[in-house]
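To keep things clear, I will list the structure first and then write my remarks on it.
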Amino acid sequence: MQRGFSMQEMKRNLKKVMIITAVMMLLLVCRLWYIQIAGHSELSAATVSQSLIALEGSNTRGIIYDRNGAALVADESRYIYIIKKDDFTAGAERLLDEAEAAEVDSGNEEYIVYSSESYDKEVGKQLIEENSAYIMQAAARYGDNQLAAHLIGYVNEEDDSGAAGLELMYDSRLSGSNRKVYAVADVNGNMILGRGLIITSDEENDSYIRKGIRTTLDKQMQQAVEDIIEEESNDCAVVVLDSGSGGVLAMACTPGFDPNDVDAYIDGGGDELINKVTQGEYAPGSVFKIVVAAAALENGISSERTYVCDGSVDVGGVTIGCDTGGETGHGEIGFEEAFAKSCNSFFIQLGQETGADSIVETAQKMKLGEAALEGYPQESAGHLMSDAERYGSAIGNLSIGQGETLVTPIQIARMTNIIASGGIDTGVHILTEDEADEEQVISSSTAEIIGNMMEAVTVYGTAQTLDLIDDDGSAKAAVKTGTAQYGESGSGNTNAWITGYTPCDNPEYVITVLVEDGESGSQSAGPIFRKIVEYLEESGSYSMPTLA
């Protein structure tokens, strides 16, 4: 006969059950605590890593802005199409081809990802209905007609790191640790539409804040300058500075390039990727007479000095003609008129009296022979004549900006701003956060005299034909033109220059223009200068706030 449980045994069994239940509850609580708190990051990362769809080609670098906060990159959209491989059909491929979409690497075996520059609503609707496509919008790094491409540079396609220009110069600030844009999917591999696009990385704490840089560029002015030089048949280089601070407001050169297809230019062997404003080295020609005039005045030669121009000067057995004086020359000519009419004979004699060493030393003070934008990649320093190169008859070429002297357009702009700023060098910079480091490099009186001479160039000198005259007969801009020979002697190859500032009183803008294979400074570079001044007038850009 089976004996029943005693009350005492039942109590013991109940106690065991309660203990086991308590232990299980404790274990469950601990597990929940681990999932919710201690192991949340680890488990979340594991889940996300299994469900991310990489959208390569979308912009994840920091944004490059102009002075007013307008984006210079990532300002155009691309459209991303994400379709599960099981849902991808020949019909979907046909529709994507119709939308001019290109396949991109998604890094996910379950999905196929395409990207297009424009969006067709009907095509999108079909892809959604027939292929369960996910379609979203993402920013492209560069547009088809990317603004300020030479200054901004481009990124390395392999790892999205900066490879040239500002992209390289400020790569650490623009790249951070984020490299790809991801879309989030659930455990079944379906996109979580509410989450949209996120930025993620391998860092422990992902940042959703994109770093960026704010440049001194003016986006509208940059566009205007690019439009102006795009109409020119010859290749050009142009830079516009804010005279008060030395900030670069616009910088452009031709031919241009597409930063989305850099390899095509590397293989092509042309000069499209060269930023001619900072990398192009050219003989300065007569714009160098600004330096010669400053050296003479700083060394005590009077602004009333005169010489006789009879059409040419013999220097150590080498005859150098005066192009603007013709065969008979200008006759007796004074300092201002010689500067205005760019008389070679006057300036060679002035250079002889001043001395080659003093001219080169003044050029160094005016920051020729050194890079203008500190830290900017691949910037050229130009070349000033060495002791050996400036010996003897070389004073003839030195005095008129020929021979071994080489400069970049941005160096000429900086030199010009020294005159506009009363002999003070404010430097040249590209970020708004950079402050001008002012240095008095020539006297204010010397700068004032040369400024008056530059106004004379506009009123009755080599730039007279540009019609940069106000109604009262005064000059709208103070300028110096130049025509520089290059190549073999007697080849006839010339580059054309004009550099100057506007307005003449209280200058706001410095403009320097170089035209490759131009006829002369007034004929080839001058009209571009005038168009930029006209843009400034029409756009109401005068009396703009000075950049710090």
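Following the order of the structure tokens, first chain is A, next is B, and so on, with residues numbered from 1 inside each chain and ligands from 1 in the order they appear.
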Would you pick out the contacts of Ser175 of chain A at 7 Å or less, using only C-alpha atoms, so that residues sharing its chain but fewer than 6 positions from it are not included, and give the list as a list in words? Arg61, Gly62 and Ser161 of chain A
Output of the above residues as a CSV table (one decimal), in the first residue's frame, restricted to C-alpha atoms:
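Final file, out-v9.csv:
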chain,number,residue,atom,x,y,z
A,61,ARG,CA,33.5,63.5,-45.4
A,62,GLY,CA,33.3,66.8,-43.7
A,161,SER,CA,41.2,60.1,-48.3
As a ChimeraX atom specification, please: all residues of segment 225-471 of chain A that backbone DSSP puts in strand (DSSP E). /A:236-242,248-253,306-309,312-315,318-321,331-334,424-425,439-440
Just the selected residues (C-alpha atoms), exported as a short mmCIF file (atom, residue, chain, number, x, y, z; two decimals), in the first residue's frame, please.
data_model
loop_
_atom_site.label_atom_id
_atom_site.label_comp_id
_atom_site.auth_asym_id
_atom_site.auth_seq_id
_atom_site.Cartn_x
_atom_site.Cartn_y
_atom_site.Cartn_z
CA CYS A 236 43.75 81.32 -67.75
CA ALA A 237 44.50 81.60 -64.05
CA VAL A 238 42.63 84.07 -61.83
CA VAL A 239 42.72 84.86 -58.12
CA VAL A 240 40.69 87.44 -56.20
CA LEU A 241 41.72 88.42 -52.66
CA ASP A 242 39.91 90.29 -49.93
CA VAL A 248 41.07 84.14 -51.06
CA LEU A 249 37.61 85.04 -52.38
CA ALA A 250 37.91 83.27 -55.73
CA MET A 251 40.51 81.07 -57.39
CA ALA A 252 40.11 79.43 -60.77
CA CYS A 253 42.02 78.24 -63.80
CA THR A 306 63.87 110.86 -65.41
CA TYR A 307 65.81 108.94 -68.07
CA VAL A 308 65.97 109.14 -71.84
CA CYS A 309 64.34 106.36 -73.87
CA SER A 312 66.42 100.44 -76.73
CA VAL A 313 69.12 99.96 -74.10
CA ASP A 314 72.46 98.21 -74.49
CA VAL A 315 73.31 96.14 -71.40
CA VAL A 318 72.87 92.83 -75.20
CA THR A 319 70.33 95.18 -76.79
CA ILE A 320 66.87 95.23 -75.19
CA GLY A 321 64.14 97.13 -77.00
CA GLY A 331 62.39 110.50 -75.34
CA GLU A 332 62.92 111.96 -71.89
CA ILE A 333 60.41 110.29 -69.63
CA GLY A 334 59.57 110.53 -65.94
CA ILE A 424 51.65 96.01 -45.15
CA ASP A 425 51.74 92.31 -45.95
CA GLU A 439 53.98 92.99 -41.36
CA GLN A 440 55.13 96.36 -42.73
#
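In this model, the gap between atom CA of Glu379 of chain A and atom CA of Leu166 of chain A comes to 11.8 Å.
Residue nearest Glu534 of chain A within the list A:Thr502, A:Gln411, A:Ser302, A:Gln223: A:Thr502 [criterion: smallest interatomic distance, only C-alpha atoms].
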Selected residue of minimal separation from Glu230 of chain A among A:Asp437, A:Ile528, A:Cys343, A:Ala394, counting only C-alpha atoms: A:Ile528
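Residue nearest Ala496 of chain A, chosen from A:Gly124, A:Gly162, A:Pro259, A:Gly482 and counting only C-alpha atoms: A:Gly482.
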Atom-to-atom span, atom CA of Ile135 of chain A and atom CA of Val262 of chain A, Å: 28.1 Å
Can you write out as a tab-separated table which residues of segment 311-362 of chain A fall within 8 Å of segment 441-463 of chain A, alongside each residue's closest atom pair and its distance in Å to one decimal, counting only C-alpha atoms and ordering rows by chain and ascending residue number?
residue	atom	partner	partner_atom	distance
A:Glu336	CA	A:Met453	CA	5.3
A:Glu337	CA	A:Gly461	CA	7.6
A:Phe339	CA	A:Met453	CA	6.4
A:Ala340	CA	A:Val457	CA	4.1
A:Lys341	CA	A:Gly461	CA	4.8
A:Ser342	CA	A:Thr462	CA	7.2
Produce a file of the selected residues containing C-alpha atoms, as a PDB file, in the first residue's frame.
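Output contents, as saved in out_17.pdb:
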ATOM      1  CA  GLU A 336      55.134 107.811 -63.376  1.00  0.00           C
ATOM      2  CA  GLU A 337      54.786 108.010 -67.160  1.00  0.00           C
ATOM      3  CA  PHE A 339      55.457 103.055 -65.202  1.00  0.00           C
ATOM      4  CA  ALA A 340      52.117 103.871 -66.859  1.00  0.00           C
ATOM      5  CA  LYS A 341      53.432 103.191 -70.364  1.00  0.00           C
ATOM      6  CA  SER A 342      55.671 100.316 -69.234  1.00  0.00           C
TER       7      SER A 342
END
Please report the interatomic distance between atom CA of Gly518 of chain A and atom CA of Thr254 of chain A in Å with one decimal. 13.8 Å
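Backbone DSSP over segment 402-474 of chain A yields alpha helix (DSSP H) at Pro409, Ile410, Gln411, Ile412, Ala413, Arg414, Met415, Thr416, Asn417, Ile418, Ile419, Ala420, Ser444, Ser445, Thr446, Ala447, Glu448, Ile449, Ile450, Gly451, Asn452, Met453, Met454, Glu455, Ala456, Val457, Thr458, Val459 and Tyr460 of chain A.
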As a CSV table (one decimal) with N, CA and C atoms, in the first residue's frame, please: the residues near Leu406 of chain A (cut-off 9 Å, only C-alpha atoms, same-chain neighbours under 4 positions excluded).
chain,number,residue,atom,x,y,z
A,281,GLU,N,54.3,78.3,-62.7
A,281,GLU,CA,55.4,79.2,-62.5
A,281,GLU,C,55.7,79.9,-63.9
A,282,TYR,N,55.6,81.3,-63.8
A,282,TYR,CA,55.7,82.1,-65.1
A,282,TYR,C,56.7,83.2,-64.9
A,283,ALA,N,57.3,83.7,-66.0
A,283,ALA,CA,58.0,84.9,-65.9
A,283,ALA,C,57.0,86.1,-65.7
A,284,PRO,N,57.3,87.0,-64.8
A,284,PRO,CA,56.3,88.0,-64.5
A,284,PRO,C,56.2,89.1,-65.5
A,368,LEU,N,57.9,87.3,-52.8
A,368,LEU,CA,58.2,86.5,-54.0
A,368,LEU,C,59.3,85.5,-53.7
A,369,GLY,N,59.2,84.4,-54.3
A,369,GLY,CA,60.2,83.4,-54.0
A,369,GLY,C,59.9,82.4,-52.9
A,381,ALA,N,57.1,77.7,-55.2
A,381,ALA,CA,57.7,78.8,-54.6
A,381,ALA,C,58.2,79.9,-55.6
A,382,GLY,N,58.2,79.5,-56.9
A,382,GLY,CA,58.7,80.4,-57.9
A,382,GLY,C,60.3,80.4,-57.8
A,383,HIS,N,60.9,81.5,-58.4
A,383,HIS,CA,62.3,81.5,-58.4
A,383,HIS,C,62.8,83.0,-58.5
A,384,LEU,N,63.7,83.4,-57.6
A,384,LEU,CA,64.3,84.7,-57.7
A,384,LEU,C,65.8,84.5,-58.1
A,385,MET,N,66.3,85.4,-58.9
A,385,MET,CA,67.7,85.2,-59.4
A,385,MET,C,68.7,85.0,-58.3
A,401,GLY,N,61.4,91.9,-65.5
A,401,GLY,CA,60.7,90.7,-65.1
A,401,GLY,C,60.9,89.5,-66.1
A,402,GLN,N,62.1,89.5,-66.7
A,402,GLN,CA,62.4,88.4,-67.6
A,402,GLN,C,63.6,87.5,-67.1
Which residues are close to Gly246 of chain A, i.e. within 8 Å by only C-alpha atoms, leaving aside same-chain residues fewer than 4 positions away? Reply as an NGL selection string. :A and (241-242 or 414 or 417 or 426-429 or 436)
Which of these, A:Asp87, A:Glu272, A:Glu488, A:Glu327, has the shortest distance to Tyr134 of chain A once you count only C-alpha atoms? A:Asp87
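Each of A:Leu127, A:Ile64, A:Ile419, A:Ala102 was checked against Leu217 of chain A using only C-alpha atoms; the smallest atom-to-atom distance is that of A:Ile64.
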Do a neighbour search on Thr362 of chain A at 9 Å with only C-alpha atoms, toss out local chain neighbours closer than 4 positions, and write the hits as an MDAnalysis selection string. chainID A and resid 291:292 294:295 298 357:358 366:368 441:442
Using N, CA and C atoms, can you write the selected residues to a file as a PDB file, in the first residue's frame?
ATOM      1  N   VAL A 291      57.988  95.751 -58.224  1.00  0.00           N
ATOM      2  CA  VAL A 291      59.103  95.459 -57.317  1.00  0.00           C
ATOM      3  C   VAL A 291      60.273  96.397 -57.581  1.00  0.00           C
ATOM      4  N   VAL A 292      60.611  96.597 -58.856  1.00  0.00           N
ATOM      5  CA  VAL A 292      61.744  97.465 -59.213  1.00  0.00           C
ATOM      6  C   VAL A 292      61.481  98.889 -58.743  1.00  0.00           C
ATOM      7  N   ALA A 294      59.520  99.788 -56.253  1.00  0.00           N
ATOM      8  CA  ALA A 294      59.596  99.803 -54.789  1.00  0.00           C
ATOM      9  C   ALA A 294      61.035  99.789 -54.315  1.00  0.00           C
ATOM     10  N   ALA A 295      61.893  98.985 -54.966  1.00  0.00           N
ATOM     11  CA  ALA A 295      63.304  98.913 -54.578  1.00  0.00           C
ATOM     12  C   ALA A 295      63.987 100.263 -54.774  1.00  0.00           C
ATOM     13  N   GLU A 298      62.619 102.791 -52.134  1.00  0.00           N
ATOM     14  CA  GLU A 298      63.076 102.435 -50.790  1.00  0.00           C
ATOM     15  C   GLU A 298      64.556 102.735 -50.614  1.00  0.00           C
ATOM     16  N   ASP A 357      71.033  93.460 -56.367  1.00  0.00           N
ATOM     17  CA  ASP A 357      70.856  92.940 -55.006  1.00  0.00           C
ATOM     18  C   ASP A 357      69.669  93.599 -54.309  1.00  0.00           C
ATOM     19  N   SER A 358      69.544  94.914 -54.457  1.00  0.00           N
ATOM     20  CA  SER A 358      68.438  95.634 -53.826  1.00  0.00           C
ATOM     21  C   SER A 358      67.094  95.210 -54.416  1.00  0.00           C
ATOM     22  N   MET A 366      58.647  91.423 -50.453  1.00  0.00           N
ATOM     23  CA  MET A 366      57.276  91.395 -50.962  1.00  0.00           C
ATOM     24  C   MET A 366      56.806  89.965 -51.205  1.00  0.00           C
ATOM     25  N   LYS A 367      57.550  89.011 -50.625  1.00  0.00           N
ATOM     26  CA  LYS A 367      57.169  87.604 -50.513  1.00  0.00           C
ATOM     27  C   LYS A 367      57.178  86.830 -51.828  1.00  0.00           C
ATOM     28  N   LEU A 368      57.923  87.315 -52.818  1.00  0.00           N
ATOM     29  CA  LEU A 368      58.163  86.499 -53.997  1.00  0.00           C
ATOM     30  C   LEU A 368      59.267  85.498 -53.661  1.00  0.00           C
ATOM     31  N   VAL A 441      56.305  95.767 -44.778  1.00  0.00           N
ATOM     32  CA  VAL A 441      57.466  95.293 -45.534  1.00  0.00           C
ATOM     33  C   VAL A 441      58.092  96.387 -46.397  1.00  0.00           C
ATOM     34  N   ILE A 442      57.296  97.375 -46.810  1.00  0.00           N
ATOM     35  CA  ILE A 442      57.832  98.581 -47.446  1.00  0.00           C
ATOM     36  C   ILE A 442      57.113  99.775 -46.819  1.00  0.00           C
TER      37      ILE A 442
END
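Shell of segment 503-507 of chain A at 6 Å, with only C-alpha atoms counted and residues fewer than 4 places along the chain excluded, is Lys476, Ala477 and Ala478 of chain A.
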